[in-house]
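Asker: What follows is data_38.cif; its format and atoms are mmCIF, N, CA and C atoms.
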```cif
data_upload
loop_
_atom_site.label_atom_id
_atom_site.label_comp_id
_atom_site.auth_asym_id
_atom_site.auth_seq_id
_atom_site.Cartn_x
_atom_site.Cartn_y
_atom_site.Cartn_z
N MET A 1 -57.64 55.86 56.49
CA MET A 1 -56.71 55.33 55.50
C MET A 1 -57.05 53.86 55.26
N LEU A 2 -56.85 53.45 54.04
CA LEU A 2 -56.99 52.05 53.67
C LEU A 2 -55.63 51.63 53.13
N ILE A 3 -55.11 50.53 53.63
CA ILE A 3 -53.82 50.03 53.19
C ILE A 3 -54.01 48.67 52.55
N ARG A 4 -53.50 48.54 51.35
CA ARG A 4 -53.40 47.24 50.69
C ARG A 4 -51.92 46.91 50.67
N ALA A 5 -51.56 45.77 51.26
CA ALA A 5 -50.15 45.40 51.37
C ALA A 5 -49.96 43.98 50.87
N ASP A 6 -48.72 43.72 50.41
CA ASP A 6 -48.40 42.39 49.90
C ASP A 6 -46.90 42.18 50.00
N GLY A 7 -46.51 40.94 49.90
CA GLY A 7 -45.11 40.58 49.85
C GLY A 7 -44.92 39.54 48.77
N ALA A 8 -43.68 39.42 48.32
CA ALA A 8 -43.37 38.43 47.30
C ALA A 8 -41.99 37.85 47.58
N ALA A 9 -41.86 36.56 47.37
CA ALA A 9 -40.56 35.89 47.47
C ALA A 9 -40.47 34.88 46.34
N ARG A 10 -39.38 34.91 45.65
CA ARG A 10 -39.15 33.95 44.57
C ARG A 10 -38.25 32.86 45.12
N GLY A 11 -38.91 31.85 45.64
CA GLY A 11 -38.27 30.84 46.47
C GLY A 11 -38.70 31.15 47.89
N ASN A 12 -38.58 30.20 48.77
CA ASN A 12 -39.03 30.46 50.14
C ASN A 12 -38.10 29.78 51.13
N PRO A 13 -36.98 30.42 51.50
CA PRO A 13 -36.66 31.82 51.21
C PRO A 13 -36.07 32.00 49.81
N GLY A 14 -36.06 33.25 49.41
CA GLY A 14 -35.50 33.65 48.13
C GLY A 14 -35.51 35.16 48.03
N PRO A 15 -35.15 35.71 46.88
CA PRO A 15 -35.23 37.16 46.71
C PRO A 15 -36.66 37.61 47.04
N ALA A 16 -36.77 38.62 47.90
CA ALA A 16 -38.08 39.02 48.41
C ALA A 16 -38.25 40.54 48.33
N ALA A 17 -39.52 40.95 48.37
CA ALA A 17 -39.84 42.38 48.34
C ALA A 17 -41.21 42.59 48.95
N ALA A 18 -41.45 43.85 49.35
CA ALA A 18 -42.74 44.24 49.91
C ALA A 18 -43.33 45.36 49.08
N GLY A 19 -44.65 45.36 48.99
CA GLY A 19 -45.35 46.43 48.30
C GLY A 19 -46.59 46.81 49.08
N ALA A 20 -46.96 48.08 49.00
CA ALA A 20 -48.18 48.54 49.66
C ALA A 20 -48.64 49.84 49.01
N VAL A 21 -49.94 50.07 49.12
CA VAL A 21 -50.51 51.36 48.75
C VAL A 21 -51.31 51.86 49.94
N VAL A 22 -51.24 53.16 50.16
CA VAL A 22 -52.03 53.82 51.18
C VAL A 22 -53.04 54.69 50.44
N ILE A 23 -54.31 54.49 50.77
CA ILE A 23 -55.40 55.14 50.05
C ILE A 23 -56.21 55.98 51.04
N ASP A 24 -56.63 57.15 50.61
CA ASP A 24 -57.50 58.01 51.42
C ASP A 24 -58.90 57.39 51.41
N ALA A 25 -59.28 56.77 52.52
CA ALA A 25 -60.55 56.05 52.59
C ALA A 25 -61.77 56.96 52.60
N SER A 26 -61.57 58.27 52.73
CA SER A 26 -62.71 59.19 52.72
C SER A 26 -63.16 59.52 51.30
N LEU A 27 -62.39 59.14 50.31
CA LEU A 27 -62.73 59.45 48.92
C LEU A 27 -63.67 58.39 48.34
N PRO A 28 -64.56 58.79 47.44
CA PRO A 28 -65.43 57.82 46.79
C PRO A 28 -64.60 56.78 46.03
N GLY A 29 -65.03 55.53 46.11
CA GLY A 29 -64.35 54.46 45.38
C GLY A 29 -63.07 53.96 46.03
N SER A 30 -62.80 54.38 47.26
CA SER A 30 -61.54 54.00 47.91
C SER A 30 -61.41 52.50 48.16
N ALA A 31 -62.51 51.78 48.21
CA ALA A 31 -62.45 50.34 48.45
C ALA A 31 -62.17 49.54 47.18
N ARG A 32 -62.21 50.21 46.02
CA ARG A 32 -61.93 49.50 44.77
C ARG A 32 -60.46 49.07 44.72
N PRO A 33 -60.19 47.92 44.13
CA PRO A 33 -58.79 47.48 44.03
C PRO A 33 -57.88 48.45 43.29
N ASP A 34 -58.44 49.26 42.39
CA ASP A 34 -57.64 50.19 41.60
C ASP A 34 -57.75 51.64 42.09
N ALA A 35 -58.23 51.84 43.32
CA ALA A 35 -58.36 53.19 43.86
C ALA A 35 -57.00 53.89 43.86
N PRO A 36 -56.96 55.17 43.51
CA PRO A 36 -55.67 55.87 43.45
C PRO A 36 -55.07 56.05 44.85
N PRO A 37 -53.80 55.69 45.00
CA PRO A 37 -53.16 55.82 46.32
C PRO A 37 -52.61 57.22 46.56
N VAL A 38 -52.47 57.55 47.84
CA VAL A 38 -51.77 58.78 48.22
C VAL A 38 -50.29 58.49 48.47
N ALA A 39 -49.96 57.20 48.62
CA ALA A 39 -48.56 56.79 48.80
C ALA A 39 -48.38 55.37 48.30
N ARG A 40 -47.18 55.11 47.77
CA ARG A 40 -46.81 53.77 47.29
C ARG A 40 -45.53 53.34 48.00
N ILE A 41 -45.46 52.04 48.26
CA ILE A 41 -44.25 51.45 48.85
C ILE A 41 -43.85 50.28 47.98
N SER A 42 -42.57 50.23 47.63
CA SER A 42 -42.04 49.17 46.77
C SER A 42 -40.59 48.94 47.18
N ARG A 43 -40.34 47.93 48.04
CA ARG A 43 -39.02 47.75 48.64
C ARG A 43 -38.46 46.34 48.45
N PRO A 44 -37.26 46.25 47.90
CA PRO A 44 -36.56 44.96 47.89
C PRO A 44 -36.10 44.64 49.31
N LEU A 45 -36.09 43.36 49.66
CA LEU A 45 -35.76 42.95 51.03
C LEU A 45 -34.60 41.97 51.11
N GLY A 46 -33.95 41.69 49.99
CA GLY A 46 -32.89 40.68 50.02
C GLY A 46 -33.51 39.29 50.06
N ILE A 47 -32.77 38.36 50.64
CA ILE A 47 -33.25 36.97 50.73
C ILE A 47 -34.09 36.82 52.01
N GLN A 48 -35.36 36.55 51.83
CA GLN A 48 -36.29 36.41 52.95
C GLN A 48 -37.37 35.40 52.57
N THR A 49 -38.22 35.07 53.54
CA THR A 49 -39.37 34.22 53.27
C THR A 49 -40.54 35.07 52.80
N ASN A 50 -41.53 34.42 52.21
CA ASN A 50 -42.72 35.12 51.79
C ASN A 50 -43.45 35.76 52.97
N ASN A 51 -43.54 35.05 54.10
CA ASN A 51 -44.23 35.62 55.26
C ASN A 51 -43.50 36.85 55.78
N TYR A 52 -42.19 36.83 55.76
CA TYR A 52 -41.41 38.00 56.16
C TYR A 52 -41.76 39.18 55.24
N ALA A 53 -41.81 38.92 53.94
CA ALA A 53 -42.12 39.97 52.98
C ALA A 53 -43.54 40.49 53.18
N GLU A 54 -44.50 39.60 53.42
CA GLU A 54 -45.89 40.02 53.65
C GLU A 54 -45.98 40.93 54.88
N TYR A 55 -45.38 40.51 55.98
CA TYR A 55 -45.43 41.33 57.21
C TYR A 55 -44.72 42.67 57.01
N THR A 56 -43.62 42.66 56.26
CA THR A 56 -42.89 43.91 56.02
C THR A 56 -43.76 44.88 55.23
N GLY A 57 -44.52 44.38 54.27
CA GLY A 57 -45.44 45.24 53.53
C GLY A 57 -46.47 45.89 54.45
N VAL A 58 -46.98 45.11 55.38
CA VAL A 58 -47.95 45.64 56.36
C VAL A 58 -47.29 46.73 57.21
N ILE A 59 -46.12 46.44 57.74
CA ILE A 59 -45.42 47.38 58.62
C ILE A 59 -45.11 48.69 57.88
N LEU A 60 -44.57 48.58 56.67
CA LEU A 60 -44.24 49.79 55.91
C LEU A 60 -45.49 50.60 55.57
N GLY A 61 -46.58 49.92 55.26
CA GLY A 61 -47.84 50.61 55.00
C GLY A 61 -48.37 51.33 56.23
N LEU A 62 -48.30 50.68 57.37
CA LEU A 62 -48.76 51.30 58.62
C LEU A 62 -47.89 52.49 58.99
N GLU A 63 -46.58 52.34 58.84
CA GLU A 63 -45.68 53.47 59.14
C GLU A 63 -45.99 54.66 58.24
N LYS A 64 -46.24 54.41 56.96
CA LYS A 64 -46.55 55.50 56.03
C LYS A 64 -47.88 56.16 56.39
N ALA A 65 -48.89 55.36 56.73
CA ALA A 65 -50.19 55.92 57.09
C ALA A 65 -50.07 56.81 58.33
N LEU A 66 -49.29 56.38 59.31
CA LEU A 66 -49.07 57.21 60.49
C LEU A 66 -48.33 58.50 60.13
N ALA A 67 -47.31 58.39 59.28
CA ALA A 67 -46.54 59.56 58.87
C ALA A 67 -47.42 60.57 58.12
N LEU A 68 -48.45 60.08 57.44
CA LEU A 68 -49.37 60.95 56.71
C LEU A 68 -50.47 61.51 57.61
N GLY A 69 -50.44 61.15 58.90
CA GLY A 69 -51.42 61.67 59.85
C GLY A 69 -52.67 60.85 59.99
N GLY A 70 -52.67 59.63 59.48
CA GLY A 70 -53.85 58.77 59.58
C GLY A 70 -54.18 58.45 61.03
N ARG A 71 -55.47 58.46 61.35
CA ARG A 71 -55.92 58.13 62.71
C ARG A 71 -56.76 56.86 62.72
N GLU A 72 -57.32 56.51 61.57
CA GLU A 72 -58.09 55.28 61.44
C GLU A 72 -57.55 54.54 60.23
N VAL A 73 -57.45 53.22 60.35
CA VAL A 73 -56.87 52.46 59.25
C VAL A 73 -57.60 51.13 59.08
N GLU A 74 -57.74 50.75 57.81
CA GLU A 74 -58.23 49.42 57.46
C GLU A 74 -57.15 48.75 56.63
N LEU A 75 -56.72 47.59 57.08
CA LEU A 75 -55.75 46.78 56.33
C LEU A 75 -56.52 45.80 55.47
N VAL A 76 -56.19 45.75 54.20
CA VAL A 76 -56.79 44.80 53.28
C VAL A 76 -55.65 43.95 52.73
N LEU A 77 -55.68 42.67 53.07
CA LEU A 77 -54.55 41.78 52.76
C LEU A 77 -55.03 40.54 52.04
N ASP A 78 -54.17 39.99 51.20
CA ASP A 78 -54.49 38.71 50.58
C ASP A 78 -53.85 37.55 51.34
N SER A 79 -53.20 37.85 52.46
CA SER A 79 -52.61 36.82 53.30
C SER A 79 -53.55 36.48 54.46
N MET A 80 -54.24 35.35 54.32
CA MET A 80 -55.12 34.90 55.39
C MET A 80 -54.33 34.68 56.68
N LEU A 81 -53.09 34.20 56.55
CA LEU A 81 -52.25 33.96 57.72
C LEU A 81 -52.08 35.24 58.54
N ILE A 82 -51.73 36.33 57.90
CA ILE A 82 -51.49 37.57 58.63
C ILE A 82 -52.80 38.12 59.20
N VAL A 83 -53.87 38.05 58.45
CA VAL A 83 -55.17 38.51 58.96
C VAL A 83 -55.52 37.74 60.23
N GLU A 84 -55.38 36.44 60.19
CA GLU A 84 -55.73 35.61 61.35
C GLU A 84 -54.78 35.84 62.53
N GLN A 85 -53.49 36.02 62.23
CA GLN A 85 -52.53 36.26 63.32
C GLN A 85 -52.74 37.63 63.96
N LEU A 86 -52.91 38.67 63.16
CA LEU A 86 -53.09 40.01 63.73
C LEU A 86 -54.43 40.15 64.44
N SER A 87 -55.41 39.37 64.04
CA SER A 87 -56.71 39.41 64.72
C SER A 87 -56.67 38.63 66.03
N GLY A 88 -55.60 37.87 66.25
CA GLY A 88 -55.46 37.09 67.48
C GLY A 88 -56.08 35.71 67.42
N ARG A 89 -56.62 35.32 66.28
CA ARG A 89 -57.24 34.00 66.17
C ARG A 89 -56.22 32.89 65.97
N TRP A 90 -55.08 33.20 65.37
CA TRP A 90 -54.02 32.22 65.18
C TRP A 90 -52.77 32.72 65.88
N LYS A 91 -51.99 31.79 66.38
CA LYS A 91 -50.72 32.13 67.03
C LYS A 91 -49.63 32.35 65.99
N VAL A 92 -48.68 33.21 66.35
CA VAL A 92 -47.49 33.41 65.53
C VAL A 92 -46.45 32.43 66.06
N LYS A 93 -46.17 31.39 65.30
CA LYS A 93 -45.30 30.32 65.78
C LYS A 93 -43.85 30.49 65.36
N HIS A 94 -43.60 31.06 64.20
CA HIS A 94 -42.24 31.13 63.68
C HIS A 94 -41.44 32.21 64.41
N PRO A 95 -40.28 31.87 64.98
CA PRO A 95 -39.51 32.84 65.76
C PRO A 95 -39.08 34.09 64.98
N ALA A 96 -38.81 33.95 63.68
CA ALA A 96 -38.38 35.11 62.90
C ALA A 96 -39.54 36.06 62.59
N ILE A 97 -40.76 35.56 62.68
CA ILE A 97 -41.94 36.37 62.36
C ILE A 97 -42.50 37.06 63.61
N ARG A 98 -42.26 36.51 64.78
CA ARG A 98 -42.80 37.11 66.01
C ARG A 98 -42.48 38.59 66.16
N PRO A 99 -41.21 39.03 65.93
CA PRO A 99 -40.94 40.47 66.08
C PRO A 99 -41.69 41.32 65.05
N LEU A 100 -41.92 40.77 63.87
CA LEU A 100 -42.66 41.51 62.84
C LEU A 100 -44.13 41.65 63.24
N ALA A 101 -44.71 40.58 63.74
CA ALA A 101 -46.10 40.65 64.20
C ALA A 101 -46.22 41.62 65.37
N ALA A 102 -45.25 41.59 66.27
CA ALA A 102 -45.27 42.51 67.41
C ALA A 102 -45.16 43.96 66.94
N ARG A 103 -44.32 44.22 65.95
CA ARG A 103 -44.17 45.57 65.42
C ARG A 103 -45.47 46.03 64.75
N ALA A 104 -46.09 45.15 63.98
CA ALA A 104 -47.35 45.49 63.33
C ALA A 104 -48.42 45.85 64.38
N MET A 105 -48.50 45.07 65.45
CA MET A 105 -49.47 45.36 66.52
C MET A 105 -49.14 46.67 67.23
N GLU A 106 -47.87 46.92 67.44
CA GLU A 106 -47.44 48.18 68.06
C GLU A 106 -47.90 49.37 67.21
N LEU A 107 -47.75 49.26 65.91
CA LEU A 107 -48.18 50.33 65.00
C LEU A 107 -49.70 50.45 64.99
N LEU A 108 -50.41 49.34 64.94
CA LEU A 108 -51.87 49.38 64.93
C LEU A 108 -52.42 50.07 66.18
N ARG A 109 -51.78 49.85 67.32
CA ARG A 109 -52.23 50.48 68.57
C ARG A 109 -52.08 52.00 68.56
N GLN A 110 -51.31 52.53 67.63
CA GLN A 110 -51.13 53.99 67.55
C GLN A 110 -52.29 54.68 66.82
N PHE A 111 -53.14 53.90 66.17
CA PHE A 111 -54.31 54.46 65.50
C PHE A 111 -55.48 54.54 66.49
N ASP A 112 -56.38 55.47 66.27
CA ASP A 112 -57.58 55.56 67.10
C ASP A 112 -58.46 54.35 66.91
N SER A 113 -58.51 53.84 65.69
CA SER A 113 -59.25 52.60 65.41
C SER A 113 -58.61 51.92 64.21
N TRP A 114 -58.75 50.61 64.16
CA TRP A 114 -58.21 49.85 63.05
C TRP A 114 -59.05 48.61 62.82
N SER A 115 -58.97 48.12 61.59
CA SER A 115 -59.63 46.86 61.23
C SER A 115 -58.79 46.21 60.15
N LEU A 116 -59.07 44.95 59.93
CA LEU A 116 -58.38 44.25 58.86
C LEU A 116 -59.31 43.22 58.26
N ARG A 117 -59.07 42.95 56.99
CA ARG A 117 -59.87 41.95 56.30
C ARG A 117 -59.06 41.31 55.19
N HIS A 118 -59.50 40.13 54.86
CA HIS A 118 -58.87 39.36 53.79
C HIS A 118 -59.65 39.59 52.50
N GLU A 119 -58.92 39.76 51.41
CA GLU A 119 -59.51 39.78 50.07
C GLU A 119 -58.69 38.85 49.19
N ARG A 120 -59.31 38.38 48.15
CA ARG A 120 -58.62 37.48 47.23
C ARG A 120 -57.45 38.20 46.57
N ARG A 121 -56.48 37.41 46.17
CA ARG A 121 -55.25 37.95 45.59
C ARG A 121 -55.50 38.86 44.38
N GLU A 122 -56.46 38.51 43.56
CA GLU A 122 -56.71 39.32 42.36
C GLU A 122 -57.23 40.72 42.69
N ASN A 123 -57.67 40.94 43.92
CA ASN A 123 -58.10 42.28 44.35
C ASN A 123 -56.96 43.09 44.95
N ASN A 124 -55.80 42.49 45.05
CA ASN A 124 -54.65 43.17 45.66
C ASN A 124 -53.60 43.49 44.58
N ILE A 125 -54.09 43.90 43.43
CA ILE A 125 -53.22 44.05 42.27
C ILE A 125 -52.15 45.13 42.43
N GLN A 126 -52.50 46.24 43.07
CA GLN A 126 -51.53 47.33 43.19
C GLN A 126 -50.36 46.94 44.10
N ALA A 127 -50.66 46.41 45.27
CA ALA A 127 -49.59 46.03 46.20
C ALA A 127 -48.74 44.90 45.63
N ASP A 128 -49.39 43.94 44.99
CA ASP A 128 -48.67 42.84 44.36
C ASP A 128 -47.73 43.36 43.27
N ALA A 129 -48.22 44.28 42.45
CA ALA A 129 -47.39 44.84 41.38
C ALA A 129 -46.19 45.59 41.95
N LEU A 130 -46.39 46.31 43.05
CA LEU A 130 -45.28 47.06 43.65
C LEU A 130 -44.24 46.13 44.28
N ALA A 131 -44.68 45.03 44.87
CA ALA A 131 -43.73 44.05 45.41
C ALA A 131 -42.91 43.44 44.28
N ASN A 132 -43.58 43.08 43.19
CA ASN A 132 -42.86 42.49 42.05
C ASN A 132 -41.97 43.51 41.35
N LEU A 133 -42.39 44.77 41.32
CA LEU A 133 -41.54 45.81 40.74
C LEU A 133 -40.22 45.92 41.51
N ALA A 134 -40.30 45.85 42.84
CA ALA A 134 -39.09 45.93 43.66
C ALA A 134 -38.16 44.75 43.39
N LEU A 135 -38.71 43.60 43.06
CA LEU A 135 -37.88 42.44 42.72
C LEU A 135 -37.25 42.59 41.33
N ASP A 136 -38.03 43.09 40.39
CA ASP A 136 -37.60 43.14 39.00
C ASP A 136 -36.76 44.37 38.66
N ASP A 137 -37.06 45.50 39.29
CA ASP A 137 -36.42 46.76 38.91
C ASP A 137 -36.37 47.70 40.12
N PRO A 138 -35.37 47.51 41.00
CA PRO A 138 -35.30 48.34 42.22
C PRO A 138 -35.26 49.84 41.95
N GLU A 139 -34.65 50.26 40.84
CA GLU A 139 -34.61 51.70 40.52
C GLU A 139 -36.02 52.22 40.20
N ALA A 140 -36.78 51.46 39.43
CA ALA A 140 -38.16 51.84 39.14
C ALA A 140 -39.01 51.82 40.41
N ALA A 141 -38.69 50.89 41.33
CA ALA A 141 -39.41 50.84 42.60
C ALA A 141 -39.18 52.11 43.41
N ARG A 142 -37.94 52.58 43.45
CA ARG A 142 -37.63 53.84 44.15
C ARG A 142 -38.40 55.00 43.51
N ALA A 143 -38.42 55.02 42.20
CA ALA A 143 -39.13 56.08 41.49
C ALA A 143 -40.64 56.02 41.80
N ALA A 144 -41.20 54.81 41.85
CA ALA A 144 -42.63 54.66 42.15
C ALA A 144 -42.96 55.19 43.54
N GLU A 145 -42.09 54.92 44.50
CA GLU A 145 -42.31 55.44 45.86
C GLU A 145 -42.28 56.95 45.89
N GLN A 146 -41.46 57.54 45.05
CA GLN A 146 -41.33 59.00 45.03
C GLN A 146 -42.36 59.66 44.12
N GLY A 147 -43.26 58.86 43.56
CA GLY A 147 -44.31 59.39 42.73
C GLY A 147 -43.90 59.76 41.32
N ARG A 148 -42.77 59.21 40.88
CA ARG A 148 -42.31 59.50 39.52
C ARG A 148 -42.73 58.40 38.57
#
```
Could you render the structure from this file as structure tokens?
Answerer:
Amino acid sequence: MLIRADGAARGNPGPAAAGAVVIDASLPGSARPDAPPVARISRPLGIQTNNYAEYTGVILGLEKALALGGREVELVLDSMLIVEQLSGRWKVKHPAIRPLAARAMELLRQFDSWSLRHERRENNIQADALANLALDDPEAARAAEQGR
């Protein structure tokens, strides 16, 4: 599975949301930014920070990949902070983010193998759009998650 995840906050903190797509990495073209997903996540989060929203997108994507039976996962994120923190190169300093980072690591350990990498924001268009959809139109976000 390949997961592209993102978070959005309008203000920091401010109204926030998480978005993610889960993609079948065995299909041709799965690494393309516009690869068709097998699952979409688009969730409003109330008033939160951007980092909270970013981590929540990762967690929701990992939970969905596990629920779909994924055994190997690659996380593709536009948040250098999360990539560096989950790789262990940077410490998680903010107390509100520590439990989210711990949950993400707990989920990653459930896969047979995992990797993560940073890509520029313009390559994370699907997850970014789903996070913004949850902010702008929560009903449409629910419909997107259900494949409607």
Asker: A:Ser113, A:Asn12, A:Gln85, A:Ser26: which is nearest Gln48 in chain A, counting only N, CA and C atoms?
Answerer: A:Asn12
Asker: Care to translate the PyMOL selection byres ((chain A and resi 126) around 7) into actual residues of this file, as a list of chain:residue names?
Answerer: A:Arg4, A:Gly19, A:Ala20, A:Val21, A:Pro33, A:Asp34, A:Asn123, A:Asn124, A:Ile125, A:Ala127, A:Asp128, A:Ala129, A:Leu130, A:Ala131
Asker: Restricting the calculation to only C-alpha atoms, which member of A:Gly14, A:Pro138, A:Gly147, A:Gly88 is positioned closest to Asn51 in chain A?
Answerer: A:Gly14
Asker: Counting only N, CA and C atoms, which residue out of A:Ala143, A:Leu75, A:Leu45, A:Ala96 sits closest to Trp114 in chain A?
Answerer: A:Leu75
Asker: For a quick check of understanding, using only N, CA and C atoms, which of A:Ile97, A:Ala140, A:Ala8, A:Ile41 has the smallest distance to Leu60 in chain A?
Answerer: A:Ile41
Asker: Could you work out how far CA of Leu81 in chain A lies from CA of Lys93 in chain A, giving the answer in Å with one decimal?
Answerer: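 Between CA of Lys93 in chain A and CA of Leu81 in chain A the gap is 11.2 Å.
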Asker: Quick one, how far is CA of Gly29 in chain A from CA of Met105 in chain A?
Answerer: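 Those two atoms sit 27.4 Å apart.
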Asker: So, with all atoms listed in the file as the atoms that count, which of A:Gln110, A:Ala134, A:Pro13, A:Glu145 lies closest to Gly70 in chain A?
Answerer: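 The shortest atom-to-atom distance to Gly70 in chain A comes from A:Gln110.
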Asker: Report, in Å to a single decimal, how far apart atom N of Leu86 in chain A and atom C of Arg98 in chain A are.
Answerer: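 Going from atom C of Arg98 in chain A over to atom N of Leu86 in chain A covers 10.9 Å.
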Asker: Among chain A, which ones does DSSP place in helix (DSSP H, G or I), written as a ChimeraX atom specification?
Answerer: /A:50-67,80-86,98-108,121-123,125-136,138-145
Asker: From range 1-140 of chain A, collect each residue whose DSSP state is strand (DSSP E or B) and return the set as an NGL selection string.
Answerer: :A and (2-9 or 14-23 or 39-48 or 72-77 or 113-118)
Asker: Complete range 28-36 of chain A at the level of all heavy atoms, written as a PDB file, keeping the file's coordinate frame.
Answerer:
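Result saved to result_32.pdb:
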```pdb
ATOM      1  N   PRO A  28     -64.560  58.790  47.440  1.00  0.00           N
ATOM      2  CA  PRO A  28     -65.430  57.820  46.790  1.00  0.00           C
ATOM      3  C   PRO A  28     -64.600  56.780  46.030  1.00  0.00           C
ATOM      4  O   PRO A  28     -63.601  57.118  45.411  1.00  0.00           O
ATOM      5  CB  PRO A  28     -66.256  58.658  45.808  1.00  0.00           C
ATOM      6  CG  PRO A  28     -66.107  60.074  46.257  1.00  0.00           C
ATOM      7  CD  PRO A  28     -64.797  60.158  46.986  1.00  0.00           C
ATOM      8  N   GLY A  29     -65.030  55.530  46.110  1.00  0.00           N
ATOM      9  CA  GLY A  29     -64.350  54.460  45.380  1.00  0.00           C
ATOM     10  C   GLY A  29     -63.070  53.960  46.030  1.00  0.00           C
ATOM     11  O   GLY A  29     -62.333  53.184  45.439  1.00  0.00           O
ATOM     12  N   SER A  30     -62.800  54.380  47.260  1.00  0.00           N
ATOM     13  CA  SER A  30     -61.540  54.000  47.910  1.00  0.00           C
ATOM     14  C   SER A  30     -61.410  52.500  48.160  1.00  0.00           C
ATOM     15  O   SER A  30     -60.296  52.001  48.301  1.00  0.00           O
ATOM     16  CB  SER A  30     -61.373  54.759  49.236  1.00  0.00           C
ATOM     17  OG  SER A  30     -62.415  54.422  50.135  1.00  0.00           O
ATOM     18  N   ALA A  31     -62.510  51.780  48.210  1.00  0.00           N
ATOM     19  CA  ALA A  31     -62.450  50.340  48.450  1.00  0.00           C
ATOM     20  C   ALA A  31     -62.170  49.540  47.180  1.00  0.00           C
ATOM     21  O   ALA A  31     -61.894  48.344  47.246  1.00  0.00           O
ATOM     22  CB  ALA A  31     -63.746  49.853  49.100  1.00  0.00           C
ATOM     23  N   ARG A  32     -62.210  50.210  46.020  1.00  0.00           N
ATOM     24  CA  ARG A  32     -61.930  49.500  44.770  1.00  0.00           C
ATOM     25  C   ARG A  32     -60.460  49.070  44.720  1.00  0.00           C
ATOM     26  O   ARG A  32     -59.581  49.808  45.169  1.00  0.00           O
ATOM     27  CB  ARG A  32     -62.229  50.394  43.568  1.00  0.00           C
ATOM     28  CG  ARG A  32     -63.688  50.683  43.312  1.00  0.00           C
ATOM     29  CD  ARG A  32     -63.919  51.373  41.957  1.00  0.00           C
ATOM     30  NE  ARG A  32     -62.731  51.990  41.396  1.00  0.00           N
ATOM     31  CZ  ARG A  32     -62.496  53.307  41.365  1.00  0.00           C
ATOM     32  NH1 ARG A  32     -63.364  54.150  41.875  1.00  0.00           N
ATOM     33  NH2 ARG A  32     -61.392  53.787  40.822  1.00  0.00           N
ATOM     34  N   PRO A  33     -60.190  47.920  44.130  1.00  0.00           N
ATOM     35  CA  PRO A  33     -58.790  47.480  44.030  1.00  0.00           C
ATOM     36  C   PRO A  33     -57.880  48.450  43.290  1.00  0.00           C
ATOM     37  O   PRO A  33     -56.681  48.496  43.534  1.00  0.00           O
ATOM     38  CB  PRO A  33     -58.890  46.150  43.276  1.00  0.00           C
ATOM     39  CG  PRO A  33     -60.261  45.655  43.549  1.00  0.00           C
ATOM     40  CD  PRO A  33     -61.121  46.893  43.659  1.00  0.00           C
ATOM     41  N   ASP A  34     -58.440  49.260  42.390  1.00  0.00           N
ATOM     42  CA  ASP A  34     -57.640  50.190  41.600  1.00  0.00           C
ATOM     43  C   ASP A  34     -57.750  51.640  42.090  1.00  0.00           C
ATOM     44  O   ASP A  34     -57.375  52.569  41.373  1.00  0.00           O
ATOM     45  CB  ASP A  34     -58.022  50.108  40.129  1.00  0.00           C
ATOM     46  CG  ASP A  34     -59.472  50.534  39.881  1.00  0.00           C
ATOM     47  OD1 ASP A  34     -60.260  50.608  40.851  1.00  0.00           O
ATOM     48  OD2 ASP A  34     -59.827  50.769  38.713  1.00  0.00           O
ATOM     49  N   ALA A  35     -58.230  51.840  43.320  1.00  0.00           N
ATOM     50  CA  ALA A  35     -58.360  53.190  43.860  1.00  0.00           C
ATOM     51  C   ALA A  35     -57.000  53.890  43.860  1.00  0.00           C
ATOM     52  O   ALA A  35     -55.974  53.272  44.171  1.00  0.00           O
ATOM     53  CB  ALA A  35     -58.922  53.146  45.273  1.00  0.00           C
ATOM     54  N   PRO A  36     -56.960  55.170  43.510  1.00  0.00           N
ATOM     55  CA  PRO A  36     -55.670  55.870  43.450  1.00  0.00           C
ATOM     56  C   PRO A  36     -55.070  56.050  44.850  1.00  0.00           C
ATOM     57  O   PRO A  36     -55.742  56.499  45.765  1.00  0.00           O
ATOM     58  CB  PRO A  36     -56.016  57.218  42.819  1.00  0.00           C
ATOM     59  CG  PRO A  36     -57.487  57.369  42.964  1.00  0.00           C
ATOM     60  CD  PRO A  36     -58.080  56.003  43.091  1.00  0.00           C
TER      61      PRO A  36
END
```
